[in-house]
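Heads up, work_8.cif below (mmCIF, C-alpha atoms and all ligand atoms):
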data_input
loop_
_atom_site.label_atom_id
_atom_site.label_comp_id
_atom_site.auth_asym_id
_atom_site.auth_seq_id
_atom_site.Cartn_x
_atom_site.Cartn_y
_atom_site.Cartn_z
CA MET A 13 -71.01 -77.23 192.80
CA GLY A 14 -72.34 -77.70 189.29
CA GLN A 15 -71.03 -80.03 186.68
CA ALA A 16 -67.79 -78.72 185.26
CA SER A 17 -66.17 -80.33 182.31
CA PRO A 18 -62.49 -81.15 182.69
CA ILE A 19 -59.98 -78.50 181.81
CA ASN A 20 -56.36 -78.91 181.01
CA ILE A 21 -54.47 -77.98 184.16
CA GLY A 22 -51.18 -79.47 183.10
CA ILE A 23 -51.64 -82.58 185.21
CA ASP A 24 -54.01 -85.49 184.65
CA TYR A 25 -55.22 -88.07 187.09
CA SER A 26 -53.50 -91.37 186.39
CA ASP A 27 -52.24 -94.54 188.06
CA GLU A 28 -49.25 -92.61 189.34
CA PHE A 29 -51.60 -91.27 192.03
CA LEU A 30 -52.42 -94.70 193.42
CA VAL A 31 -50.94 -95.54 196.81
CA GLY A 32 -52.64 -98.92 197.02
CA HIS A 33 -55.33 -98.31 199.61
CA PRO A 34 -58.89 -98.22 198.20
CA VAL A 35 -60.27 -95.54 200.54
CA ILE A 36 -57.26 -93.24 200.27
CA ASP A 37 -57.10 -93.67 196.49
CA ARG A 38 -60.80 -93.00 196.04
CA GLU A 39 -60.63 -89.86 198.16
CA HIS A 40 -57.52 -88.56 196.42
CA ARG A 41 -59.24 -88.93 193.08
CA SER A 42 -62.35 -87.14 194.27
CA LEU A 43 -60.27 -84.29 195.70
CA PHE A 44 -58.32 -84.05 192.46
CA GLU A 45 -61.49 -83.78 190.39
CA LYS A 46 -63.14 -81.31 192.76
CA SER A 47 -60.04 -79.12 192.77
CA ARG A 48 -60.14 -79.13 189.01
CA ALA A 49 -63.85 -78.21 189.05
CA VAL A 50 -63.18 -75.24 191.36
CA LEU A 51 -60.38 -74.01 189.10
CA HIS A 52 -62.63 -74.47 186.09
CA ALA A 53 -65.36 -72.36 187.72
CA PHE A 54 -62.70 -69.78 188.51
CA LEU A 55 -61.50 -69.66 184.91
CA LEU A 56 -65.04 -69.27 183.63
CA ASN A 57 -65.62 -66.34 185.97
CA SER A 58 -68.49 -68.19 187.59
CA PRO A 59 -70.48 -66.26 190.21
CA ARG A 60 -68.57 -65.81 193.46
CA PRO A 61 -71.20 -67.63 195.59
CA GLN A 62 -70.78 -70.68 193.39
CA ILE A 63 -67.01 -70.61 193.70
CA ILE A 64 -67.19 -70.07 197.45
CA GLU A 65 -69.58 -73.00 197.77
CA GLY A 66 -67.18 -75.19 195.78
CA MET A 67 -64.23 -74.09 197.91
CA ARG A 68 -66.14 -74.79 201.12
CA GLU A 69 -67.09 -78.25 199.91
CA LEU A 70 -63.49 -78.89 198.99
CA TYR A 71 -62.35 -77.70 202.41
CA THR A 72 -64.74 -80.08 204.18
CA GLU A 73 -63.83 -82.99 201.94
CA LEU A 74 -60.14 -82.36 202.48
CA GLN A 75 -60.61 -82.27 206.25
CA ASN A 76 -62.60 -85.52 206.12
CA HIS A 77 -59.93 -87.15 203.97
CA PHE A 78 -57.16 -86.24 206.40
CA THR A 79 -59.20 -87.60 209.31
CA HIS A 80 -59.85 -90.87 207.46
CA GLU A 81 -56.25 -91.21 206.32
CA GLU A 82 -54.86 -90.64 209.81
CA ALA A 83 -57.22 -93.25 211.26
CA ILE A 84 -56.18 -95.76 208.60
CA LEU A 85 -52.48 -95.10 209.19
CA ASP A 86 -52.88 -95.20 212.94
CA ALA A 87 -54.52 -98.64 212.67
CA LEU A 88 -51.55 -99.83 210.60
CA ASP A 89 -48.97 -98.41 213.04
CA TYR A 90 -47.55 -96.41 210.17
CA PRO A 91 -44.21 -94.93 211.28
CA ARG A 92 -44.59 -91.61 209.45
CA LEU A 93 -47.95 -90.75 210.99
CA PRO A 94 -46.48 -87.75 212.89
CA GLU A 95 -45.16 -86.26 209.63
CA GLN A 96 -48.53 -86.90 208.01
CA ARG A 97 -50.41 -85.18 210.84
CA GLU A 98 -48.05 -82.21 210.73
CA GLN A 99 -48.48 -81.72 206.99
CA HIS A 100 -52.26 -82.19 207.15
CA GLU A 101 -52.46 -79.56 209.86
CA ALA A 102 -50.37 -77.09 207.87
CA ILE A 103 -52.46 -77.67 204.75
CA MET A 104 -55.75 -77.15 206.63
CA ALA A 105 -54.43 -73.94 208.17
CA LYS A 106 -53.49 -72.69 204.73
CA ALA A 107 -56.86 -73.86 203.34
CA ALA A 108 -58.70 -71.86 206.02
CA ARG A 109 -56.63 -68.77 205.18
CA THR A 110 -57.18 -69.27 201.47
CA LEU A 111 -60.94 -69.61 201.88
CA ALA A 112 -61.16 -66.57 204.16
CA HIS A 113 -59.00 -64.58 201.77
CA TYR A 114 -61.18 -65.41 198.80
CA GLU A 115 -64.39 -64.70 200.74
CA ALA A 116 -63.03 -61.31 201.84
CA GLN A 117 -61.79 -60.22 198.45
CA SER A 118 -60.46 -62.35 195.66
CA MET A 119 -57.30 -64.05 194.56
CA SER A 120 -55.48 -64.85 191.38
CA PHE A 121 -55.97 -68.07 189.49
CA GLY A 122 -52.24 -68.68 189.94
CA ASP A 123 -52.44 -68.48 193.73
CA LEU A 124 -55.36 -70.89 193.89
CA TYR A 125 -53.76 -73.25 191.39
CA SER A 126 -50.45 -73.33 193.20
CA PHE A 127 -52.18 -74.14 196.48
CA LEU A 128 -54.49 -76.87 195.13
CA PHE A 129 -52.16 -78.55 192.68
CA GLY A 130 -48.74 -77.35 193.79
CA GLN A 131 -48.99 -77.71 197.56
CA ILE A 132 -51.75 -80.31 198.04
CA VAL A 133 -51.60 -82.61 195.01
CA LYS A 134 -47.93 -82.45 193.98
CA GLY A 135 -46.59 -81.39 197.36
CA HIS A 136 -48.48 -83.89 199.53
CA PHE A 137 -50.42 -86.57 197.62
CA LEU A 138 -47.51 -87.28 195.29
CA LYS A 139 -44.81 -86.96 197.96
CA GLU A 140 -45.61 -87.79 201.60
CA ASP A 141 -48.66 -89.89 200.72
CA MET A 142 -46.70 -91.72 198.03
CA LEU A 143 -44.33 -93.01 200.72
CA LEU A 144 -47.27 -95.14 201.80
CA LYS A 145 -47.10 -97.16 198.63
CA ASP A 146 -44.12 -99.32 199.57
CA PHE A 147 -45.33 -99.67 203.14
CA LEU A 148 -48.72 -100.94 202.01
CA ALA A 149 -47.23 -103.15 199.30
CA THR A 150 -44.72 -104.91 201.53
CA SER A 151 -46.45 -106.27 204.59
CA HIS A 152 -49.57 -104.36 205.34
CA SER A 153 -52.05 -104.72 202.51
FE FE A 201 -53.98 -88.25 201.41
FE FE A 202 -51.68 -87.47 203.77
#
Show this structure as structure tokens.
Amino acid sequence: MGQASPINIGIDYSDEFLVGHPVIDREHRSLFEKSRAVLHAFLLNSPRPQIIEGMRELYTELQNHFTHEEAILDALDYPRLPEQREQHEAIMAKAARTLAHYEAQSMSFGDLYSFLFGQIVKGHFLKEDMLLKDFLATSHS
């Protein structure tokens, strides 16, 4: 989608997001910024096709990230890979429903915000993914 300037969404990207793996960290940052851009377009009442395009791109990028992350963790014999897979699957199912819901009608800013930043960023990147930090820092980096 087009260039969107940052908006204040009550959470900023910072070092607290870093888990210590360059690929995972780069992808988390990109997903964070793209989520913010979609919300920004939403707030500006951008044309629906533009928002849908942004949401579809985000969906694909999220799917690719989960695939990459699982491959990385699998290669490291990460013990919480099953929990990771389970959460990724649940998030993608919700993402598909969210996208279909928006395409069919609309949704509130609050619903989209709570999915992108409540469930994905705060609920997964800053929780389950953050458990990777110690694992990577101890013997696997
Ligand atoms: Fe992740
Ligand atoms: Fe993850």
Got a sec: who's within 12 Å of A:Glu28, counting all atoms listed in the file, leaving out chain neighbours fewer than 4 positions off, as number ranges by chain?
A: 23-24, 32, 37, 40-41, 133-134, 137-139, 141-142, 145
Write out as a ChimeraX atom specification each polymer residue whose atoms come within 8 Å of A:Met104, counting only C-alpha atoms; drop sequence neighbours fewer than 3 positions from it.
/A:71,74-75,100-101,107-108
Using 8 Å as the limit and counting all atoms listed in the file, can you tabulate each residue of chain A that touches ligand FE 202 (chain A), with its shortest atom-to-atom distance in Å and the two atoms involved, as a Markdown table?
| residue | atom | partner | partner_atom | distance |
| --- | --- | --- | --- | --- |
| A:Phe78 | CA | A:FE202 | FE | 6.2 |
| A:Glu81 | CA | A:FE202 | FE | 6.4 |
| A:Glu82 | CA | A:FE202 | FE | 7.5 |
| A:Gln96 | CA | A:FE202 | FE | 5.3 |
| A:Arg97 | CA | A:FE202 | FE | 7.5 |
| A:Gln99 | CA | A:FE202 | FE | 7.3 |
| A:His100 | CA | A:FE202 | FE | 6.3 |
| A:His136 | CA | A:FE202 | FE | 6.4 |
| A:Phe137 | CA | A:FE202 | FE | 6.3 |
| A:Glu140 | CA | A:FE202 | FE | 6.5 |
| A:Asp141 | CA | A:FE202 | FE | 4.9 |
Expected file: the selected residues, C-alpha atoms, as an mmCIF file, keeping the file's coordinate frame:
data_model
loop_
_atom_site.group_PDB
_atom_site.id
_atom_site.type_symbol
_atom_site.label_atom_id
_atom_site.label_comp_id
_atom_site.auth_asym_id
_atom_site.auth_seq_id
_atom_site.Cartn_x
_atom_site.Cartn_y
_atom_site.Cartn_z
ATOM 1 C CA PHE A 78 -57.160 -86.240 206.400
ATOM 2 C CA GLU A 81 -56.250 -91.210 206.320
ATOM 3 C CA GLU A 82 -54.860 -90.640 209.810
ATOM 4 C CA GLN A 96 -48.530 -86.900 208.010
ATOM 5 C CA ARG A 97 -50.410 -85.180 210.840
ATOM 6 C CA GLN A 99 -48.480 -81.720 206.990
ATOM 7 C CA HIS A 100 -52.260 -82.190 207.150
ATOM 8 C CA HIS A 136 -48.480 -83.890 199.530
ATOM 9 C CA PHE A 137 -50.420 -86.570 197.620
ATOM 10 C CA GLU A 140 -45.610 -87.790 201.600
ATOM 11 C CA ASP A 141 -48.660 -89.890 200.720
#
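Across the structure, atom CA of A:Leu70 and atom CA of A:Leu30 are spaced 20.1 Å apart.
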Polymer residues at most 12 Å from A:Gly122, all atoms listed in the file, same-chain spacing of 6 or more positions, as an NGL selection string
:A and (21 or 51 or 54-55 or 128-130)
note - atom CA of A:Arg92 and atom CA of A:Tyr25 are separated by 25.0 Å
Please identify all polymer residues within 12 Å of A:Ile64, counting all atoms listed in the file, omitting same-chain residues fewer than 6 positions from it, and present them as a ChimeraX atom specification.
/A:13,50-51,53-54,58,70-71,110-119
